[in-house]
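The structure file final16.csv is reproduced below (CSV, C-alpha atoms).
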chain,number,residue,atom,x,y,z
W,1409,MET,CA,103.6,79.4,86.0
W,1410,LYS,CA,107.4,79.7,86.4
W,1411,VAL,CA,109.3,82.3,88.4
W,1412,VAL,CA,113.0,83.3,88.7
W,1413,MET,CA,113.9,84.9,92.1
W,1414,ILE,CA,117.0,86.8,93.0
W,1415,PRO,CA,119.1,86.7,95.2
W,1416,ASN,CA,119.5,83.1,96.4
W,1417,ASN,CA,120.6,83.7,100.0
W,1418,HIS,CA,117.8,84.9,102.2
W,1419,ASP,CA,115.4,83.1,104.5
W,1420,TYR,CA,112.4,85.0,103.2
W,1421,ILE,CA,113.0,83.8,99.7
W,1422,PHE,CA,113.6,80.2,100.8
W,1423,GLU,CA,110.3,80.2,102.7
W,1424,LEU,CA,108.4,81.8,99.9
W,1425,LYS,CA,109.9,79.4,97.4
W,1426,VAL,CA,108.8,76.3,99.4
W,1427,ASN,CA,105.2,77.6,99.7
W,1428,LEU,CA,105.0,78.6,96.1
W,1429,GLU,CA,106.2,75.2,95.0
W,1430,SER,CA,103.7,73.5,97.2
W,1431,LYS,CA,101.0,75.3,95.1
W,1432,GLY,CA,102.5,74.1,91.8
W,1433,ILE,CA,104.6,77.2,90.9
W,1434,HIS,CA,108.1,76.4,89.6
W,1435,VAL,CA,110.8,78.6,91.2
W,1436,ALA,CA,114.4,79.0,90.1
W,1437,LEU,CA,116.8,80.9,92.3
W,1438,MET,CA,119.6,83.1,90.9
W,1439,SER,CA,122.8,84.4,92.5
W,1440,TYR,CA,124.1,88.0,92.4
W,1441,PHE,CA,124.9,89.8,89.2
W,1442,HIS,CA,128.6,90.4,89.7
W,1443,TYR,CA,131.2,87.8,88.8
W,1444,ALA,CA,128.3,85.5,87.8
W,1445,THR,CA,126.8,87.9,85.3
W,1446,PRO,CA,127.7,85.9,82.2
W,1447,ILE,CA,126.4,82.7,83.7
W,1448,ASN,CA,123.2,84.4,84.9
W,1449,ILE,CA,122.5,85.9,81.4
W,1450,LEU,CA,122.9,82.4,79.9
W,1451,LYS,CA,120.7,81.0,82.6
W,1452,LEU,CA,118.0,83.6,81.9
W,1453,LEU,CA,118.0,82.5,78.2
W,1454,ILE,CA,117.7,78.8,79.1
W,1455,LEU,CA,115.0,79.4,81.7
W,1456,LYS,CA,113.0,81.5,79.2
W,1457,LEU,CA,113.1,78.6,76.7
W,1458,LYS,CA,111.8,76.4,79.5
W,1459,GLY,CA,108.8,78.7,80.0
W,1460,TYR,CA,109.9,80.9,82.9
W,1461,ASN,CA,108.1,84.3,82.5
W,1462,ILE,CA,108.4,86.2,85.8
W,1463,PHE,CA,111.5,87.7,87.3
W,1464,HIS,CA,111.1,88.5,91.0
W,1465,ILE,CA,113.6,90.9,92.6
W,1466,HIS,CA,113.8,90.9,96.4
W,1467,PHE,CA,116.9,92.9,97.2
W,1468,GLU,CA,118.7,95.5,95.1
W,1469,TYR,CA,122.1,94.4,96.4
W,1470,ALA,CA,121.8,91.6,93.8
W,1471,PHE,CA,122.8,94.3,91.3
W,1472,PRO,CA,126.1,95.8,92.6
W,1473,PHE,CA,126.2,98.6,90.0
W,1474,THR,CA,123.5,100.8,88.7
W,1475,PHE,CA,124.6,100.5,85.0
W,1476,LEU,CA,124.6,96.7,85.3
W,1477,MET,CA,121.1,96.7,86.8
W,1478,LYS,CA,119.8,98.8,84.0
W,1479,ILE,CA,121.3,96.5,81.4
W,1480,ILE,CA,119.9,93.4,83.0
W,1481,VAL,CA,116.4,94.9,83.4
W,1482,LYS,CA,116.3,96.0,79.8
W,1483,PHE,CA,117.6,92.5,78.8
W,1484,LEU,CA,114.8,90.9,80.8
W,1485,LYS,CA,112.2,93.1,79.0
W,1486,LEU,CA,113.7,92.1,75.7
W,1487,LEU,CA,113.1,88.5,76.7
W,1488,ASN,CA,109.5,89.4,77.7
W,1489,TYR,CA,110.0,88.6,81.4
W,1490,LYS,CA,107.5,90.3,83.7
W,1491,ILE,CA,109.5,92.0,86.5
W,1492,VAL,CA,108.2,92.3,90.1
W,1493,TRP,CA,110.0,93.8,93.1
W,1494,THR,CA,109.4,93.2,96.8
W,1495,ILE,CA,110.6,96.4,98.5
W,1496,HIS,CA,111.4,94.9,101.9
W,1497,ASP,CA,112.8,97.8,103.8
W,1498,ILE,CA,112.1,101.4,102.6
W,1499,SER,CA,114.2,102.8,105.5
W,1500,ASN,CA,117.3,101.7,103.6
W,1501,ILE,CA,116.2,103.8,100.6
W,1502,TYR,CA,115.3,106.8,102.8
W,1503,THR,CA,118.8,106.8,104.4
W,1504,SER,CA,120.8,106.0,101.3
W,1505,LYS,CA,122.9,108.4,99.3
W,1506,PHE,CA,121.5,110.3,96.3
W,1507,ARG,CA,122.9,107.9,93.7
W,1508,THR,CA,121.6,104.8,95.5
W,1509,LYS,CA,118.1,106.4,95.9
W,1510,GLU,CA,118.1,107.3,92.2
W,1511,LYS,CA,119.0,103.6,91.4
W,1512,SER,CA,115.9,102.6,93.5
W,1513,ARG,CA,113.7,105.2,91.8
W,1514,TRP,CA,114.7,103.9,88.3
W,1515,LEU,CA,114.0,100.3,89.4
W,1516,TYR,CA,110.6,101.4,90.7
W,1517,GLN,CA,109.7,103.0,87.4
W,1518,ASN,CA,110.9,100.0,85.3
W,1519,THR,CA,109.2,97.1,87.1
W,1520,ASP,CA,105.8,95.8,86.3
W,1521,TYR,CA,104.6,95.4,89.9
W,1522,LYS,CA,105.8,96.1,93.4
W,1523,PHE,CA,105.2,94.6,96.8
W,1524,VAL,CA,105.5,96.5,100.2
W,1525,HIS,CA,104.8,95.0,103.6
W,1526,TYR,CA,102.6,97.8,105.2
W,1527,THR,CA,100.0,100.2,104.0
W,1528,SER,CA,101.9,103.2,105.4
W,1529,ASN,CA,104.8,102.4,103.1
W,1530,LEU,CA,102.7,103.5,100.1
W,1531,THR,CA,102.9,107.1,101.3
W,1532,ARG,CA,106.6,106.7,102.1
W,1533,LEU,CA,107.3,105.4,98.6
W,1534,LYS,CA,105.6,108.4,97.1
W,1535,ASP,CA,107.6,110.8,99.3
W,1536,CYS,CA,110.9,109.0,98.8
W,1537,PHE,CA,110.7,108.6,95.0
W,1538,ASN,CA,108.5,111.7,94.3
W,1539,VAL,CA,106.4,109.6,91.9
W,1540,ASP,CA,102.8,108.5,91.7
W,1541,ILE,CA,102.0,105.1,93.3
W,1542,TYR,CA,101.0,102.6,90.8
W,1543,ASN,CA,101.0,98.8,90.5
W,1544,VAL,CA,101.9,98.3,94.2
W,1545,GLU,CA,100.4,95.7,96.4
W,1546,VAL,CA,100.5,95.5,100.2
W,1547,ILE,CA,101.5,92.0,101.2
W,1548,PHE,CA,102.2,91.5,104.9
W,1549,HIS,CA,105.4,89.8,106.1
W,1550,PRO,CA,104.8,86.5,107.9
W,1551,VAL,CA,107.0,85.5,110.8
W,1552,PHE,CA,109.8,83.0,110.5
W,1553,ASN,CA,109.2,79.7,112.2
W,1554,TYR,CA,112.2,79.7,114.6
W,1555,PRO,CA,112.6,76.9,117.1
W,1556,ASN,CA,110.5,77.3,120.2
W,1557,ASN,CA,110.7,74.4,122.6
W,1558,ILE,CA,112.2,75.6,125.9
W,1559,THR,CA,110.4,77.0,128.9
W,1560,THR,CA,110.7,80.4,130.5
W,1561,GLU,CA,112.4,78.7,133.5
W,1562,GLU,CA,115.0,77.0,131.4
W,1563,ALA,CA,115.7,80.1,129.3
W,1564,ARG,CA,116.2,82.2,132.5
W,1565,LYS,CA,118.4,79.6,134.0
W,1566,ARG,CA,120.7,79.6,131.0
W,1567,LEU,CA,121.0,83.4,131.2
W,1568,GLY,CA,121.2,83.6,135.0
W,1569,ILE,CA,118.1,85.7,135.4
W,1570,PRO,CA,116.1,85.2,138.6
W,1571,SER,CA,112.6,83.7,138.0
W,1572,SER,CA,111.0,86.5,140.1
W,1573,LYS,CA,112.1,89.3,137.9
W,1574,LYS,CA,109.9,91.3,135.4
W,1575,VAL,CA,112.0,90.9,132.3
W,1576,ILE,CA,112.0,93.4,129.4
W,1577,LEU,CA,113.8,92.6,126.2
W,1578,SER,CA,115.3,94.7,123.5
W,1579,PHE,CA,116.3,92.5,120.5
W,1580,GLY,CA,118.0,93.5,117.3
W,1581,MET,CA,121.2,95.2,116.0
W,1582,ILE,CA,122.4,98.1,118.2
W,1583,LYS,CA,121.7,101.4,116.4
W,1584,LYS,CA,121.1,104.8,117.8
W,1585,TYR,CA,117.7,105.3,116.1
W,1586,LYS,CA,116.4,102.1,117.8
W,1587,GLY,CA,116.4,103.9,121.1
W,1588,GLN,CA,118.4,101.4,123.2
W,1589,ILE,CA,120.0,104.3,125.1
W,1590,GLU,CA,116.6,105.7,125.9
W,1591,LEU,CA,115.5,102.2,127.1
W,1592,VAL,CA,118.5,102.0,129.5
W,1593,LYS,CA,117.7,105.5,130.8
W,1594,ALA,CA,114.1,104.4,131.4
W,1595,PHE,CA,115.3,101.2,133.0
W,1596,GLU,CA,117.3,103.3,135.6
W,1597,LYS,CA,114.0,104.8,136.8
W,1598,LEU,CA,112.4,101.4,137.4
W,1599,ASN,CA,112.5,99.6,140.7
W,1600,LYS,CA,114.6,96.5,141.4
W,1601,ASP,CA,111.8,94.1,140.4
W,1602,TYR,CA,112.8,94.7,136.8
W,1603,PHE,CA,115.5,93.0,134.7
W,1604,CYS,CA,116.6,94.5,131.3
W,1605,LEU,CA,117.9,92.2,128.6
W,1606,ILE,CA,119.5,93.8,125.6
W,1607,VAL,CA,120.5,91.5,122.7
W,1608,GLY,CA,122.1,92.4,119.5
W,1609,SER,CA,125.4,93.1,117.8
W,1610,GLY,CA,126.8,96.6,118.4
W,1611,ARG,CA,129.6,96.5,115.8
W,1612,ASN,CA,127.9,99.1,113.6
W,1613,ASP,CA,127.3,101.6,116.5
W,1614,PRO,CA,130.3,101.4,118.9
W,1615,GLU,CA,129.2,104.6,120.8
W,1616,THR,CA,125.8,103.2,121.7
W,1617,SER,CA,127.2,99.8,122.4
W,1618,GLU,CA,129.8,101.2,124.7
W,1619,PHE,CA,127.2,103.2,126.6
W,1620,ILE,CA,125.2,100.0,127.2
W,1621,LYS,CA,128.2,98.0,128.3
W,1622,LYS,CA,129.1,100.6,130.9
W,1623,LYS,CA,125.5,100.5,132.3
W,1624,ALA,CA,125.6,96.7,132.2
W,1625,LYS,CA,128.6,96.7,134.5
W,1626,GLN,CA,126.9,99.3,136.8
W,1627,TYR,CA,123.7,97.2,137.0
W,1628,LYS,CA,125.3,93.8,136.7
W,1629,ASP,CA,122.6,92.0,138.6
W,1630,ARG,CA,119.7,93.6,136.6
W,1631,LEU,CA,121.0,94.5,133.2
W,1632,LEU,CA,122.4,92.0,130.7
W,1633,PHE,CA,123.9,93.0,127.3
W,1634,ILE,CA,124.5,90.2,124.8
W,1635,ASP,CA,126.7,92.0,122.2
W,1636,LYS,CA,126.7,89.5,119.3
W,1637,TYR,CA,124.7,88.1,116.4
W,1638,ILE,CA,122.2,85.5,117.5
W,1639,PRO,CA,121.8,82.3,115.4
W,1640,GLU,CA,118.3,81.2,114.6
W,1641,ASP,CA,118.3,78.2,117.0
W,1642,LYS,CA,119.3,80.5,119.9
W,1643,ILE,CA,116.7,83.2,119.4
W,1644,GLN,CA,114.1,81.4,121.5
W,1645,ILE,CA,116.3,81.6,124.6
W,1646,TYR,CA,116.0,85.4,124.8
W,1647,PHE,CA,112.3,85.7,123.9
W,1648,ASN,CA,111.3,82.9,126.2
W,1649,ALA,CA,113.3,84.5,129.0
W,1650,SER,CA,111.4,87.7,128.7
W,1651,ASP,CA,107.9,89.0,129.6
W,1652,VAL,CA,107.6,92.0,127.3
W,1653,VAL,CA,109.6,93.2,124.3
W,1654,VAL,CA,110.3,97.0,124.3
W,1655,LEU,CA,111.1,98.9,121.1
W,1656,PRO,CA,111.5,102.6,121.7
W,1657,TYR,CA,112.5,103.5,118.1
W,1658,LYS,CA,113.1,107.1,117.2
W,1659,TRP,CA,112.0,106.3,113.7
W,1660,ILE,CA,111.5,103.3,111.5
W,1661,THR,CA,109.4,102.4,108.4
W,1662,GLN,CA,108.6,98.9,109.8
W,1663,SER,CA,110.0,96.4,112.3
W,1664,GLY,CA,110.7,92.7,111.9
W,1665,ILE,CA,111.0,92.3,115.7
W,1666,VAL,CA,107.3,92.9,116.3
W,1667,PRO,CA,106.0,89.7,114.5
W,1668,LEU,CA,109.0,87.8,115.9
W,1669,ALA,CA,107.9,88.8,119.4
W,1670,TYR,CA,104.3,87.8,118.6
W,1671,SER,CA,105.5,84.4,117.4
W,1672,PHE,CA,106.8,83.8,121.0
W,1673,SER,CA,103.6,85.2,122.5
W,1674,LYS,CA,105.2,88.3,123.8
W,1675,PRO,CA,103.4,91.7,123.8
W,1676,VAL,CA,105.4,94.8,122.7
W,1677,ILE,CA,105.8,98.4,123.8
W,1678,ILE,CA,106.7,100.4,120.8
W,1679,THR,CA,106.9,104.0,119.7
W,1680,ASP,CA,104.2,105.1,117.3
W,1681,VAL,CA,106.4,105.7,114.3
W,1682,GLY,CA,106.4,104.2,110.8
W,1683,ALA,CA,104.1,101.2,110.5
W,1684,SER,CA,103.9,100.6,114.3
W,1685,SER,CA,100.2,101.3,114.4
W,1686,GLU,CA,99.6,98.7,111.7
W,1687,MET,CA,101.6,96.1,113.6
W,1688,VAL,CA,100.3,96.7,117.2
W,1689,THR,CA,96.8,97.0,118.4
W,1690,ASP,CA,97.1,99.4,121.3
W,1691,GLY,CA,96.0,97.8,124.5
W,1692,GLU,CA,95.4,94.4,123.0
W,1693,THR,CA,98.7,93.2,121.6
W,1694,GLY,CA,100.9,95.8,123.1
W,1695,LEU,CA,101.2,99.5,123.9
W,1696,LEU,CA,101.9,102.4,121.5
W,1697,ILE,CA,103.7,105.4,122.9
W,1698,PRO,CA,105.1,108.6,121.5
W,1699,PRO,CA,108.9,108.6,120.6
W,1700,ASN,CA,111.7,110.3,122.5
W,1701,ASN,CA,110.0,110.5,125.9
W,1702,ILE,CA,111.7,108.5,128.6
W,1703,ASP,CA,109.1,109.3,131.3
W,1704,VAL,CA,106.3,108.0,129.1
W,1705,LEU,CA,108.4,104.8,128.4
W,1706,VAL,CA,108.8,104.3,132.1
W,1707,GLN,CA,105.0,104.7,132.6
W,1708,ALA,CA,104.3,102.2,129.8
W,1709,ILE,CA,106.6,99.6,131.2
W,1710,ASN,CA,105.0,99.9,134.6
W,1711,GLN,CA,101.5,99.9,133.1
W,1712,ILE,CA,101.8,96.8,131.0
W,1713,PHE,CA,102.7,94.7,134.0
W,1714,THR,CA,99.5,95.9,135.8
W,1715,LYS,CA,97.6,94.5,132.8
W,1716,ASN,CA,97.2,90.9,131.8
W,1717,TYR,CA,100.3,91.1,129.6
W,1718,LYS,CA,100.3,87.3,129.1
W,1719,GLN,CA,96.9,87.4,127.6
W,1720,MET,CA,98.1,90.2,125.3
W,1721,GLY,CA,100.9,88.0,124.2
W,1722,ILE,CA,98.4,85.2,123.4
W,1723,LYS,CA,96.3,87.6,121.4
W,1724,ALA,CA,99.4,88.8,119.5
W,1725,HIS,CA,100.4,85.2,118.7
W,1726,ALA,CA,96.9,84.5,117.3
W,1727,ASP,CA,97.2,87.6,115.1
W,1728,THR,CA,100.5,86.4,113.8
W,1729,ARG,CA,99.2,82.9,112.9
W,1730,MET,CA,96.9,84.6,110.4
W,1731,LEU,CA,99.9,86.0,108.5
W,1732,SER,CA,101.1,82.6,107.3
W,1733,TRP,CA,103.6,81.8,104.6
W,1734,GLU,CA,100.8,79.9,102.8
W,1735,LYS,CA,98.7,83.0,102.7
W,1736,LEU,CA,101.7,85.0,101.4
W,1737,ALA,CA,102.2,82.5,98.6
W,1738,GLU,CA,98.5,82.6,97.6
W,1739,ASN,CA,98.5,86.4,97.5
W,1740,THR,CA,101.8,86.4,95.5
W,1741,ILE,CA,100.4,84.0,92.9
W,1742,LYS,CA,97.3,86.3,92.5
W,1743,ILE,CA,99.7,89.2,91.6
W,1744,TYR,CA,101.8,87.0,89.3
W,1745,ARG,CA,98.6,86.1,87.4
W,1746,ARG,CA,97.6,89.7,87.2
W,1747,VAL,CA,101.0,90.8,85.9
W,1748,ILE,CA,101.0,88.1,83.2
W,1749,SER,CA,97.4,88.9,82.1
As structure tokens - that is how I would like this structure written.
Amino acid sequence: MKVVMIPNNHDYIFELKVNLESKGIHVALMSYFHYATPINILKLLILKLKGYNIFHIHFEYAFPFTFLMKIIVKFLKLLNYKIVWTIHDISNIYTSKFRTKEKSRWLYQNTDYKFVHYTSNLTRLKDCFNVDIYNVEVIFHPVFNYPNNITTEEARKRLGIPSSKKVILSFGMIKKYKGQIELVKAFEKLNKDYFCLIVGSGRNDPETSEFIKKKAKQYKDRLLFIDKYIPEDKIQIYFNASDVVVLPYKWITQSGIVPLAYSFSKPVIITDVGASSEMVTDGETGLLIPPNNIDVLVQAINQIFTKNYKQMGIKAHADTRMLSWEKLAENTIKIYRRVIS
């Protein structure tokens, strides 16, 4: 079995490629269809002659224009490629403009099989595209294996966080819907035993970022805001410095931060929106709370530290280990065979 994947610049694709190839699947990566379109078309012809028969799309941005995407998909069908699409983030489709949403809808209707990462996304697909759900498989997203070799003491020392503090972490790009403002307001109601660590670039939401910066100056001994993109080898510093990850989203379809927290053995407090209830077992790997309620968020933060939160983190880590890249590759191959047959 031979597969072409596009685009060629994402960690998910690299990890999946390695694990597919370990099971005997040939994988060729292809760059965006923009300036490289003539080269890509020639490459598709050559790969077809070499026996490649599946074209796996991961991100729509590989096709910069709708008309170009339609031409390429029709060309693929003419060459008898089977086309599958992993819809990684439905929230991007929900919030997109009408034309972009129609582009996604057309792609949905003209691919042979689709992948989503959570069961709840099946309903969201139907609502978003106003179509019947067919040929869609739920295939859970494994966690990336980022470096994890420093202790809590070392991580806190690097950040200047006292070892005695109860540290709550918000990780990820700063955006209003992620509830970082609500987290800060909840933090203000906690006692001085707590330390709040907020990490993520705020360039896309200057208003929220500025609010957090002002509060960080006000609570300079208990609130630290790292306003920048974090490279992979530095992620461990922030998770290992924390006790609990807090994600008070106003809305989401899914969160990549939850399995990331689990990989560092950290329980999460998360609002019950989107696929949260599929990712978090309430009371075992974290706490599920209603959105947009600062008082409930304060109660949940206090509550989790009265529980054995470290044991919750161990249970979360064990659950994450079951979602391996090897298992993802095995499930993907099953769908490839189904599509071909």
Legend entry - Point (118.8, 101.1, 117.7) neighbourhood (12 Å, all atoms listed in the file) written as number ranges by chain: W: 1578-1592, 1606-1617, 1620, 1654-1660, 1663, 1665
Output C-alpha atoms of each residue in that selection to a file, as a PDB file, in the coordinates of the input.
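again27.pdb written:
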ATOM      1  CA  SER W1578     115.300  94.700 123.500  1.00  0.00           C
ATOM      2  CA  PHE W1579     116.300  92.500 120.500  1.00  0.00           C
ATOM      3  CA  GLY W1580     118.000  93.500 117.300  1.00  0.00           C
ATOM      4  CA  MET W1581     121.200  95.200 116.000  1.00  0.00           C
ATOM      5  CA  ILE W1582     122.400  98.100 118.200  1.00  0.00           C
ATOM      6  CA  LYS W1583     121.700 101.400 116.400  1.00  0.00           C
ATOM      7  CA  LYS W1584     121.100 104.800 117.800  1.00  0.00           C
ATOM      8  CA  TYR W1585     117.700 105.300 116.100  1.00  0.00           C
ATOM      9  CA  LYS W1586     116.400 102.100 117.800  1.00  0.00           C
ATOM     10  CA  GLY W1587     116.400 103.900 121.100  1.00  0.00           C
ATOM     11  CA  GLN W1588     118.400 101.400 123.200  1.00  0.00           C
ATOM     12  CA  ILE W1589     120.000 104.300 125.100  1.00  0.00           C
ATOM     13  CA  GLU W1590     116.600 105.700 125.900  1.00  0.00           C
ATOM     14  CA  LEU W1591     115.500 102.200 127.100  1.00  0.00           C
ATOM     15  CA  VAL W1592     118.500 102.000 129.500  1.00  0.00           C
ATOM     16  CA  ILE W1606     119.500  93.800 125.600  1.00  0.00           C
ATOM     17  CA  VAL W1607     120.500  91.500 122.700  1.00  0.00           C
ATOM     18  CA  GLY W1608     122.100  92.400 119.500  1.00  0.00           C
ATOM     19  CA  SER W1609     125.400  93.100 117.800  1.00  0.00           C
ATOM     20  CA  GLY W1610     126.800  96.600 118.400  1.00  0.00           C
ATOM     21  CA  ARG W1611     129.600  96.500 115.800  1.00  0.00           C
ATOM     22  CA  ASN W1612     127.900  99.100 113.600  1.00  0.00           C
ATOM     23  CA  ASP W1613     127.300 101.600 116.500  1.00  0.00           C
ATOM     24  CA  PRO W1614     130.300 101.400 118.900  1.00  0.00           C
ATOM     25  CA  GLU W1615     129.200 104.600 120.800  1.00  0.00           C
ATOM     26  CA  THR W1616     125.800 103.200 121.700  1.00  0.00           C
ATOM     27  CA  SER W1617     127.200  99.800 122.400  1.00  0.00           C
ATOM     28  CA  ILE W1620     125.200 100.000 127.200  1.00  0.00           C
ATOM     29  CA  VAL W1654     110.300  97.000 124.300  1.00  0.00           C
ATOM     30  CA  LEU W1655     111.100  98.900 121.100  1.00  0.00           C
ATOM     31  CA  PRO W1656     111.500 102.600 121.700  1.00  0.00           C
ATOM     32  CA  TYR W1657     112.500 103.500 118.100  1.00  0.00           C
ATOM     33  CA  LYS W1658     113.100 107.100 117.200  1.00  0.00           C
ATOM     34  CA  TRP W1659     112.000 106.300 113.700  1.00  0.00           C
ATOM     35  CA  ILE W1660     111.500 103.300 111.500  1.00  0.00           C
ATOM     36  CA  SER W1663     110.000  96.400 112.300  1.00  0.00           C
ATOM     37  CA  ILE W1665     111.000  92.300 115.700  1.00  0.00           C
TER      38      ILE W1665
END
Inset, instruction - Would you kindly return, as a PyMOL selection string, each protein, DNA or RNA residue with an atom no farther than 9 Å from any atom of W:Ala1669, considering all atoms listed in the file and excluding same-chain residues fewer than 3 positions away? - result: chain W and resi 1647+1652-1653+1664-1666+1672-1676+1721+1724-1725
Inset, instruction - Name the closest residue to W:His1549 among the candidates W:Trp1733, W:Tyr1469, W:Tyr1646, W:Tyr1744; distances are taken between atoms, counting only C-alpha atoms. - result: W:Trp1733
Legend entry - For W:Lys1642, the nearest of the candidates W:Ile1722, W:Leu1450, W:Leu1457, W:Leu1567, counting only C-alpha atoms: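 Under the stated criterion, the closest residue is W:Leu1567.
For the choices W:Leu1668, W:Leu1515, W:Val1524, W:Met1413, the atom-to-atom distance to W:Ile1462 is smallest for W:Met1413 when using all atoms listed in the file.
Using only C-alpha atoms, the nearest neighbour of W:Val1551 within the list W:Leu1731, W:Leu1736, W:Ile1748, W:Ile1702 is W:Leu1731.
As for atom CA of W:Glu1618 and atom CA of W:Leu1696, they are spaced 28.1 Å apart.
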Inset, instruction - Could you please determine the separation between atom CA of W:Leu1487 and atom CA of W:Asp1520 in Å, to one decimal place? - result: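 Those two atoms sit 14.1 Å apart.
Going from atom CA of W:Asp1703 over to atom CA of W:Leu1598, you cover 10.5 Å.
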Can you tell me which residues surround W:Arg1745 at a distance of at most 12 Å, considering all atoms listed in the file, apart from same-chain residues fewer than 6 positions away, and format the answer as a PDB file with C-alpha atoms, in the coordinates of the input?
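This went into result.pdb:
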ATOM      1  CA  MET W1409     103.600  79.400  86.000  1.00  0.00           C
ATOM      2  CA  LYS W1410     107.400  79.700  86.400  1.00  0.00           C
ATOM      3  CA  VAL W1411     109.300  82.300  88.400  1.00  0.00           C
ATOM      4  CA  ILE W1433     104.600  77.200  90.900  1.00  0.00           C
ATOM      5  CA  ASN W1461     108.100  84.300  82.500  1.00  0.00           C
ATOM      6  CA  ILE W1462     108.400  86.200  85.800  1.00  0.00           C
ATOM      7  CA  LYS W1490     107.500  90.300  83.700  1.00  0.00           C
ATOM      8  CA  VAL W1492     108.200  92.300  90.100  1.00  0.00           C
ATOM      9  CA  TYR W1521     104.600  95.400  89.900  1.00  0.00           C
ATOM     10  CA  GLU W1738      98.500  82.600  97.600  1.00  0.00           C
ATOM     11  CA  ASN W1739      98.500  86.400  97.500  1.00  0.00           C
TER      12      ASN W1739
END
Inset, instruction - Pick out the residues sitting within 12 Å of W:Asn1427, and hand them over as a list of chain:residue names; count only C-alpha atoms, and ignore anything fewer than 5 positions along from it in its own chain. - result: W:Tyr1420, W:Ile1421, W:Phe1422, W:Gly1432, W:Ile1433, W:His1434, W:Val1435, W:Ser1732, W:Trp1733, W:Glu1734, W:Lys1735, W:Leu1736, W:Ala1737, W:Glu1738, W:Asn1739, W:Thr1740, W:Ile1741
Legend entry - Top pick for closest residue to W:Phe1713, considering W:Val1412, W:Ile1576, W:Ile1465, W:Leu1605 and counting only C-alpha atoms: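 For W:Phe1713, the nearest of the given residues is W:Ile1576.
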Legend entry - Neighbour residues at most 12 Å from (132.9, 98.4, 90.0) (all atoms listed in the file) as a list in words: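 Here is the list of nearby residues: Phe1441, His1442, Tyr1443, Phe1471, Pro1472, Phe1473, Thr1474, Phe1475 and Leu1476 of chain W.
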Inset, instruction - Rank nothing, just name the residue among W:Lys1636, W:Lys1573, W:Lys1597, W:Lys1425 nearest to W:Val1704, using all atoms listed in the file. - result: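 Going through W:Lys1636, W:Lys1573, W:Lys1597, W:Lys1425 one by one, the smallest distance to W:Val1704 is for W:Lys1597.
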Inset, instruction - Could you give me, as a ChimeraX atom specification, the residues within 7 Å of W:Thr1527, counting only C-alpha atoms and dropping anything in the same chain fewer than 2 positions from it? - result: /W:1529-1530,1546
Legend entry - Who sits within 10 Å of W:Pro1570, only C-alpha atoms, same chain under 5 positions skipped, as an MDAnalysis selection string: chainID W and resid 1561 1564:1565 1575 1603 1629:1630
